[in-house]
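Okay, work22.tsv is below, TSV, C-alpha atoms:
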chain	number	residue	atom	x	y	z
G	1	MET	CA	42.86	40.21	1.21
G	2	TRP	CA	39.73	38.24	2.03
G	3	ALA	CA	36.27	37.45	0.68
G	4	HIS	CA	33.83	38.13	3.53
G	5	PRO	CA	33.65	40.04	6.79
G	6	ASP	CA	35.13	37.81	9.54
G	7	ASP	CA	37.58	35.96	7.22
G	8	GLU	CA	40.27	38.43	8.21
G	9	THR	CA	39.75	37.83	11.92
G	10	TYR	CA	39.38	34.06	11.88
G	11	LEU	CA	42.50	33.50	9.78
G	12	SER	CA	44.82	36.40	10.60
G	13	GLY	CA	43.29	38.61	13.29
G	14	GLY	CA	46.00	37.94	15.84
G	15	LEU	CA	48.76	38.57	13.33
G	16	ALA	CA	47.16	41.77	12.06
G	17	ALA	CA	46.67	43.13	15.57
G	18	THR	CA	50.25	42.30	16.56
G	19	LEU	CA	51.67	44.03	13.48
G	20	ALA	CA	49.47	47.08	13.95
G	21	ASP	CA	50.51	47.33	17.60
G	22	ARG	CA	54.16	47.34	16.53
G	23	GLY	CA	53.63	50.24	14.16
G	24	HIS	CA	53.45	48.34	10.88
G	25	ARG	CA	50.98	49.42	8.24
G	26	VAL	CA	48.15	46.91	7.88
G	27	VAL	CA	45.60	47.31	5.09
G	28	ALA	CA	42.58	44.98	5.04
G	29	VAL	CA	40.72	44.24	1.81
G	30	THR	CA	37.29	42.58	1.74
G	31	ALA	CA	35.67	41.48	-1.51
G	32	THR	CA	32.02	41.35	-0.36
G	33	ARG	CA	29.89	42.70	2.47
G	34	GLY	CA	28.61	39.25	3.36
G	35	GLY	CA	24.99	39.72	2.37
G	36	ALA	CA	24.43	35.98	1.94
G	37	GLY	CA	25.58	35.25	5.48
G	38	GLY	CA	22.17	34.36	6.87
G	39	PRO	CA	19.37	31.81	6.40
G	40	ASP	CA	17.17	34.20	4.39
G	41	THR	CA	18.74	35.24	1.09
G	42	THR	CA	15.90	37.28	-0.40
G	43	PRO	CA	17.18	40.58	-1.85
G	44	GLN	CA	15.78	42.74	0.94
G	45	VAL	CA	17.24	40.56	3.68
G	46	ARG	CA	20.58	40.24	1.87
G	47	ALA	CA	20.82	44.03	1.82
G	48	GLU	CA	20.05	44.26	5.52
G	49	THR	CA	22.55	41.51	6.33
G	50	ALA	CA	25.19	43.33	4.31
G	51	ARG	CA	24.56	46.53	6.29
G	52	THR	CA	24.80	44.63	9.56
G	53	ARG	CA	28.01	42.89	8.60
G	54	THR	CA	29.52	46.14	7.34
G	55	ALA	CA	29.04	47.70	10.77
G	56	GLU	CA	30.24	44.56	12.51
G	57	LEU	CA	33.44	44.44	10.49
G	58	GLU	CA	34.16	48.09	11.16
G	59	GLU	CA	33.94	47.38	14.89
G	60	ALA	CA	36.08	44.24	14.58
G	61	LEU	CA	38.80	46.16	12.76
G	62	ARG	CA	38.70	48.83	15.44
G	63	VAL	CA	39.26	46.16	18.08
G	64	LEU	CA	42.21	44.79	16.10
G	65	GLY	CA	43.69	48.24	15.59
G	66	ILE	CA	43.39	48.20	11.80
G	67	THR	CA	42.64	51.67	10.47
G	68	GLU	CA	42.87	51.11	6.69
G	69	HIS	CA	40.22	49.03	4.95
G	70	VAL	CA	39.03	48.64	1.37
G	71	TRP	CA	35.72	47.17	0.21
G	72	LEU	CA	35.62	45.71	-3.31
G	73	ASP	CA	31.79	45.47	-3.09
G	74	TYR	CA	31.21	42.26	-4.99
G	75	ASP	CA	28.03	40.28	-4.40
G	76	ASP	CA	28.43	37.66	-1.69
G	77	GLY	CA	28.43	34.14	-3.12
G	78	ARG	CA	28.82	35.33	-6.71
G	79	CYS	CA	32.46	36.35	-7.01
G	80	ALA	CA	33.18	33.40	-9.29
G	81	GLU	CA	30.50	34.66	-11.69
G	82	ALA	CA	31.85	38.21	-11.79
G	83	ASP	CA	34.06	39.62	-14.51
G	84	SER	CA	37.51	39.17	-12.98
G	85	GLU	CA	39.18	41.95	-14.98
G	86	PRO	CA	37.89	44.92	-12.91
G	87	ALA	CA	38.73	43.13	-9.67
G	88	VAL	CA	42.23	42.21	-10.77
G	89	ARG	CA	42.83	45.70	-12.13
G	90	ARG	CA	41.68	47.30	-8.88
G	91	LEU	CA	43.79	44.98	-6.73
G	92	ALA	CA	46.85	45.61	-8.90
G	93	ARG	CA	46.30	49.35	-8.51
G	94	LEU	CA	45.96	48.92	-4.75
G	95	LEU	CA	49.20	46.96	-4.62
G	96	GLN	CA	50.90	49.74	-6.52
G	97	GLU	CA	49.59	52.30	-4.02
G	98	VAL	CA	50.33	50.36	-0.83
G	99	ARG	CA	53.46	48.48	-2.00
G	100	PRO	CA	53.10	45.81	0.68
G	101	ASP	CA	55.94	43.67	1.96
G	102	THR	CA	53.59	40.75	2.50
G	103	ILE	CA	50.14	39.71	1.31
G	104	VAL	CA	48.06	37.29	3.38
G	105	THR	CA	45.10	35.62	1.71
G	106	PHE	CA	43.53	32.30	0.79
G	107	GLY	CA	45.32	29.63	-1.20
G	108	PRO	CA	43.60	28.14	-4.24
G	109	ASP	CA	41.82	25.73	-1.86
G	110	GLY	CA	40.03	28.71	-0.29
G	111	PHE	CA	40.72	27.21	3.15
G	112	THR	CA	37.08	26.08	3.36
G	113	GLY	CA	36.53	25.50	-0.35
G	114	HIS	CA	34.09	28.41	-0.61
G	115	PRO	CA	33.94	29.62	-4.25
G	116	ASP	CA	34.33	33.26	-3.18
G	117	HIS	CA	37.47	32.36	-1.22
G	118	ARG	CA	38.95	30.50	-4.16
G	119	THR	CA	38.10	33.34	-6.52
G	120	VAL	CA	39.79	35.91	-4.30
G	121	SER	CA	42.90	33.72	-4.29
G	122	ARG	CA	42.91	33.73	-8.09
G	123	TRP	CA	42.35	37.50	-8.26
G	124	VAL	CA	45.28	38.09	-5.93
G	125	ASP	CA	47.56	35.85	-7.99
G	126	GLN	CA	46.66	37.69	-11.17
G	127	ALA	CA	47.01	41.12	-9.54
G	128	LEU	CA	50.45	40.19	-8.22
G	129	THR	CA	51.53	39.18	-11.71
G	130	ARG	CA	50.50	42.59	-13.04
G	131	PHE	CA	51.96	44.47	-10.10
G	132	GLY	CA	55.36	42.88	-10.56
G	133	GLY	CA	56.56	43.92	-7.12
G	134	THR	CA	58.45	41.93	-4.51
G	135	ALA	CA	55.62	41.31	-2.04
G	136	ARG	CA	55.74	37.96	-0.33
G	137	LEU	CA	52.53	35.95	-0.76
G	138	LEU	CA	51.38	33.83	2.17
G	139	HIS	CA	48.35	31.57	2.30
G	140	ALA	CA	46.25	30.57	5.28
G	141	VAL	CA	46.86	26.86	5.87
G	142	ALA	CA	46.45	24.24	8.58
G	143	THR	CA	48.63	21.63	10.22
G	144	GLU	CA	47.51	18.37	11.77
G	145	GLN	CA	48.81	19.46	15.18
G	146	ASP	CA	46.68	22.61	15.13
G	147	ARG	CA	43.39	21.00	14.17
G	148	VAL	CA	42.47	21.01	17.82
G	149	ASP	CA	38.72	20.49	17.50
G	150	PRO	CA	37.86	18.49	14.37
G	151	GLN	CA	34.50	17.51	15.83
G	152	LEU	CA	33.48	21.17	15.91
G	153	ASP	CA	34.43	21.44	12.24
G	154	ILE	CA	32.28	18.40	11.46
G	155	ASP	CA	29.29	19.41	13.58
G	156	PHE	CA	29.07	22.86	12.01
G	157	GLY	CA	30.06	21.94	8.45
G	158	VAL	CA	33.06	24.28	8.43
G	159	PHE	CA	34.74	22.35	5.63
G	160	ALA	CA	31.64	21.11	3.84
G	161	LEU	CA	32.81	22.69	0.58
G	162	GLY	CA	36.46	21.68	0.83
G	163	GLN	CA	39.41	21.16	3.13
G	164	PRO	CA	42.30	23.53	3.78
G	165	ARG	CA	45.78	22.72	2.64
G	166	ILE	CA	47.42	20.66	5.38
G	167	CYS	CA	51.11	21.48	5.74
G	168	GLU	CA	53.96	19.68	7.41
G	169	PRO	CA	55.64	21.82	10.10
G	170	ASP	CA	58.73	22.34	7.92
G	171	ASP	CA	56.56	23.91	5.19
G	172	VAL	CA	55.05	26.52	7.48
G	173	VAL	CA	56.40	30.07	7.28
G	174	LEU	CA	54.57	31.36	10.34
G	175	ARG	CA	52.90	29.43	13.14
G	176	LEU	CA	51.54	32.01	15.58
G	177	PRO	CA	50.14	30.69	18.87
G	178	LEU	CA	48.39	33.75	20.21
G	179	ASN	CA	49.32	34.98	23.65
G	180	PRO	CA	46.42	35.54	26.09
G	181	GLU	CA	46.00	39.24	25.27
G	182	SER	CA	46.19	38.76	21.49
G	183	LEU	CA	43.74	35.88	21.71
G	184	ARG	CA	41.37	37.94	23.85
G	185	ARG	CA	41.38	40.71	21.24
G	186	LYS	CA	40.85	38.26	18.41
G	187	VAL	CA	37.88	36.70	20.17
G	188	SER	CA	36.49	40.16	20.96
G	189	ALA	CA	36.76	41.06	17.27
G	190	LEU	CA	34.94	37.86	16.35
G	191	GLN	CA	32.26	38.54	18.95
G	192	ALA	CA	31.81	41.98	17.37
G	193	GLN	CA	30.68	40.08	14.27
G	194	GLU	CA	27.87	38.50	16.23
G	195	SER	CA	25.61	37.80	13.26
G	196	GLN	CA	28.16	35.15	12.29
G	197	THR	CA	29.59	34.04	15.62
G	198	ALA	CA	26.91	34.32	18.31
G	199	GLY	CA	25.18	31.06	17.39
G	200	LEU	CA	28.43	29.08	17.35
G	201	ILE	CA	29.58	30.53	20.67
G	202	ALA	CA	26.22	29.78	22.26
G	203	ALA	CA	26.38	26.21	20.99
G	204	VAL	CA	29.94	25.29	21.96
G	205	GLY	CA	30.82	27.76	24.71
G	206	ILE	CA	33.34	30.58	24.75
G	207	ASP	CA	36.26	28.41	25.94
G	208	ARG	CA	35.92	25.92	23.11
G	209	PHE	CA	35.38	28.70	20.60
G	210	THR	CA	38.50	30.50	21.84
G	211	ALA	CA	40.68	27.39	21.62
G	212	TRP	CA	39.45	26.82	18.06
G	213	GLY	CA	41.11	30.03	16.82
G	214	ALA	CA	44.15	30.17	19.10
G	215	VAL	CA	46.79	29.47	16.43
G	216	GLU	CA	47.26	31.10	13.02
G	217	VAL	CA	49.29	29.31	10.37
G	218	LEU	CA	50.65	30.66	7.08
G	219	ALA	CA	52.72	29.12	4.30
G	220	GLU	CA	54.04	30.11	0.92
G	221	PRO	CA	52.13	28.84	-2.13
G	222	ALA	CA	52.71	25.15	-2.68
G	223	VAL	CA	52.91	25.36	-6.48
G	224	ASP	CA	52.33	27.96	-9.14
G	225	ALA	CA	48.71	29.08	-8.90
G	226	ALA	CA	48.13	28.47	-12.60
G	227	ASP	CA	48.92	24.80	-12.04
G	228	TRP	CA	46.33	24.59	-9.26
G	229	TRP	CA	43.59	25.80	-11.54
G	230	GLU	CA	44.75	23.67	-14.45
G	231	ILE	CA	44.72	20.39	-12.51
G	232	GLY	CA	41.64	21.35	-10.48
G	233	VAL	CA	42.78	20.21	-7.05
G	234	SER	CA	41.83	21.86	-3.79
G	235	HIS	CA	44.66	20.74	-1.50
The structure given in the file should be rewritten as structure tokens.
Amino acid sequence: MWAHPDDETYLSGGLAATLADRGHRVVAVTATRGGAGGPDTTPQVRAETARTRTAELEEALRVLGITEHVWLDYDDGRCAEADSEPAVRRLARLLQEVRPDTIVTFGPDGFTGHPDHRTVSRWVDQALTRFGGTARLLHAVATEQDRVDPQLDIDFGVFALGQPRICEPDDVVLRLPLNPESLRRKVSALQAQESQTAGLIAAVGIDRFTAWGAVEVLAEPAVDAADWWEIGVSH
């Protein structure tokens, strides 16, 4: 469950492709169509960007082998302003329908601090409470050993809005170094979302870009989500 097209691939594309290849059911959920993902955010251009990113995500999911996908259709950049009740209700209903073993999403930090990311994390927590099932919740996190290119993060402002939760190795549930084929597919899925990745790849080169996303790391929630929002910390 993610906020924008490409979140799913950056943070869990290798895992999703591996599970799908092994016959597991993988359902992707995206809150927005990414209409604000460009330098021009006038309404007409936002609509065109959203159409472009919709098509790009559909191709990326095809590359990853994911055949089930749900759009929530919230406005990019404005999830925090939206009435949360319909979103939570819809996610709870989806959980009831799919009955997942595991949910992968953002932690309260949003991984990059983006308000949409953090809002999706809160929606998922609330939907899980209503669902009452036994699904395991895992958050995208980072470890110091896997921050292989911090200069890239700095140069491109990846964490300008906030840092991811940094875990010790013992706190990590899954550390997935992608094998060459899985990494190739992940990069191909990211390249399919060229409106978001082409500029970065052109700037840093495909080898550096590939190494940047070569490991995926997940952990269980650090504390109860309600406590995160009460104390207002991001990691």
Just want the 8 Å neighbourhood of range 25-35 of chain G, counted on all atoms listed in the file, with same-chain residues fewer than 3 positions away dropped. Output as a ChimeraX atom specification. /G:1-5,8,16,19-20,38,41,45-51,53-54,66-76,120
Around the point (34.1, 45.4, 12.4) in the file's coordinates, collect all residues with an atom within 9 Å, using only C-alpha atoms, and return them as a list in words.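 Residues close enough to count: Pro5, Asp6, Arg53, Thr54, Ala55, Glu56, Leu57, Glu58, Glu59, Ala60, Leu61, Arg62, Val63, Leu64, Ala189, Leu190, Ala192 and Gln193 of chain G.
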Exercise on range 155-165 of chain G, axis-aligned box with 5 Å per side, report centre and edge lengths in Å to one decimal, as AutoDock Vina command-line options:
--center_x 37.4 --center_y 21.8 --center_z 7.1 --size_x 26.7 --size_y 14.9 --size_z 23.0
Using all atoms listed in the file, which residues sit within 7 Å of range 161-165 of chain G once same-chain residues fewer than 5 positions away are excluded, as a VMD selection string? chain G and resid 109 to 114 141 to 142 235
Quick one, how far is CA of Gly37 in chain G from CA of Thr18 in chain G?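 Spanning CA of Gly37 in chain G to CA of Thr18 in chain G is a straight-line distance of 27.9 Å.
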Counting only C-alpha atoms, which residue out of G:Val173, G:Ala80, G:Ala127, G:Cys167 sits closest to Gln145 in chain G? G:Cys167
Considering all atoms listed in the file, can you say which of G:Ala135, G:Arg147, G:Gly77, G:Ile154 comes closest to Arg118 in chain G?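 Selected residue with least distance to Arg118 in chain G: G:Gly77.
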Please report the interatomic distance between CA of Gln96 in chain G and CA of Leu15 in chain G in Å with one decimal.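 If I compute the distance from CA of Gln96 in chain G to CA of Leu15 in chain G, I get 22.9 Å.
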May I have the residues within 8 Å of range 209-221 of chain G as a PyMOL selection string, using all atoms listed in the file and disregarding those fewer than 5 positions away in the same chain? chain G and resi 10-12+14-15+107+137-143+146+148-149+167+171-178+183+187+200-201+204
Subset file as an mmCIF file, in the first residue's frame: range 5-82 of chain G, C-alpha atoms:
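Produced file part-v4.cif, reproduced below:
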data_model
loop_
_atom_site.group_PDB
_atom_site.id
_atom_site.type_symbol
_atom_site.label_atom_id
_atom_site.label_comp_id
_atom_site.auth_asym_id
_atom_site.auth_seq_id
_atom_site.Cartn_x
_atom_site.Cartn_y
_atom_site.Cartn_z
ATOM 1 C CA PRO G 5 3.248 5.523 -8.659
ATOM 2 C CA ASP G 6 6.876 4.329 -8.305
ATOM 3 C CA ASP G 7 6.783 4.027 -4.471
ATOM 4 C CA GLU G 8 5.930 0.354 -4.852
ATOM 5 C CA THR G 9 8.906 -0.302 -7.120
ATOM 6 C CA TYR G 10 11.531 1.715 -5.282
ATOM 7 C CA LEU G 11 10.722 0.198 -1.895
ATOM 8 C CA SER G 12 9.424 -3.299 -2.623
ATOM 9 C CA GLY G 13 9.601 -4.040 -6.340
ATOM 10 C CA GLY G 14 12.082 -6.875 -5.993
ATOM 11 C CA LEU G 15 10.107 -8.485 -3.194
ATOM 12 C CA ALA G 16 6.811 -8.163 -5.050
ATOM 13 C CA ALA G 17 8.248 -9.674 -8.228
ATOM 14 C CA THR G 18 9.823 -12.564 -6.326
ATOM 15 C CA LEU G 19 6.569 -13.383 -4.539
ATOM 16 C CA ALA G 20 4.532 -13.144 -7.731
ATOM 17 C CA ASP G 21 6.992 -15.434 -9.523
ATOM 18 C CA ARG G 22 6.545 -18.015 -6.760
ATOM 19 C CA GLY G 23 2.776 -18.028 -7.159
ATOM 20 C CA HIS G 24 1.832 -15.818 -4.222
ATOM 21 C CA ARG G 25 -0.986 -13.342 -4.593
ATOM 22 C CA VAL G 26 0.314 -9.774 -4.658
ATOM 23 C CA VAL G 27 -2.124 -6.853 -4.625
ATOM 24 C CA ALA G 28 -0.748 -3.332 -5.079
ATOM 25 C CA VAL G 29 -2.631 -0.300 -3.765
ATOM 26 C CA THR G 30 -1.778 3.267 -4.808
ATOM 27 C CA ALA G 31 -3.392 6.272 -3.153
ATOM 28 C CA THR G 32 -2.799 8.872 -5.892
ATOM 29 C CA ARG G 33 -1.967 8.960 -9.594
ATOM 30 C CA GLY G 34 1.007 11.239 -9.025
ATOM 31 C CA GLY G 35 -0.320 14.328 -10.754
ATOM 32 C CA ALA G 36 1.996 16.643 -8.803
ATOM 33 C CA GLY G 37 5.081 14.736 -9.931
ATOM 34 C CA GLY G 38 6.400 17.408 -12.271
ATOM 35 C CA PRO G 39 7.654 21.007 -12.235
ATOM 36 C CA ASP G 40 4.370 22.455 -13.542
ATOM 37 C CA THR G 41 1.459 21.910 -11.159
ATOM 38 C CA THR G 42 -1.275 23.843 -12.974
ATOM 39 C CA PRO G 43 -4.518 21.840 -13.112
ATOM 40 C CA GLN G 44 -4.231 20.977 -16.801
ATOM 41 C CA VAL G 45 -0.645 19.775 -16.476
ATOM 42 C CA ARG G 46 -1.405 17.868 -13.267
ATOM 43 C CA ALA G 47 -4.122 15.975 -15.126
ATOM 44 C CA GLU G 48 -1.765 15.144 -17.978
ATOM 45 C CA THR G 49 0.964 14.061 -15.558
ATOM 46 C CA ALA G 50 -1.523 11.820 -13.768
ATOM 47 C CA ARG G 51 -2.473 10.167 -17.073
ATOM 48 C CA THR G 52 1.178 9.638 -17.926
ATOM 49 C CA ARG G 53 2.011 8.159 -14.548
ATOM 50 C CA THR G 54 -1.050 5.921 -14.649
ATOM 51 C CA ALA G 55 0.184 4.350 -17.880
ATOM 52 C CA GLU G 56 3.741 4.162 -16.577
ATOM 53 C CA LEU G 57 2.681 2.351 -13.420
ATOM 54 C CA GLU G 58 0.606 -0.127 -15.371
ATOM 55 C CA GLU G 59 3.695 -0.995 -17.416
ATOM 56 C CA ALA G 60 5.892 -1.200 -14.314
ATOM 57 C CA LEU G 61 3.481 -3.609 -12.654
ATOM 58 C CA ARG G 62 3.440 -5.723 -15.794
ATOM 59 C CA VAL G 63 7.228 -5.936 -15.668
ATOM 60 C CA LEU G 64 7.069 -6.990 -12.017
ATOM 61 C CA GLY G 65 4.378 -9.566 -12.699
ATOM 62 C CA ILE G 66 1.736 -7.915 -10.513
ATOM 63 C CA THR G 67 -1.724 -8.390 -11.983
ATOM 64 C CA GLU G 68 -3.940 -6.942 -9.224
ATOM 65 C CA HIS G 69 -3.889 -3.213 -8.557
ATOM 66 C CA VAL G 70 -6.212 -0.759 -6.825
ATOM 67 C CA TRP G 71 -6.245 3.028 -7.230
ATOM 68 C CA LEU G 72 -7.662 5.059 -4.339
ATOM 69 C CA ASP G 73 -7.656 8.195 -6.553
ATOM 70 C CA TYR G 74 -6.744 10.821 -3.993
ATOM 71 C CA ASP G 75 -5.188 14.087 -5.125
ATOM 72 C CA ASP G 76 -1.395 13.954 -5.159
ATOM 73 C CA GLY G 77 0.104 16.072 -2.390
ATOM 74 C CA ARG G 78 -3.210 16.525 -0.592
ATOM 75 C CA CYS G 79 -3.841 13.216 1.149
ATOM 76 C CA ALA G 80 -3.268 14.801 4.551
ATOM 77 C CA GLU G 81 -6.064 17.291 3.811
ATOM 78 C CA ALA G 82 -8.550 14.622 2.747
#
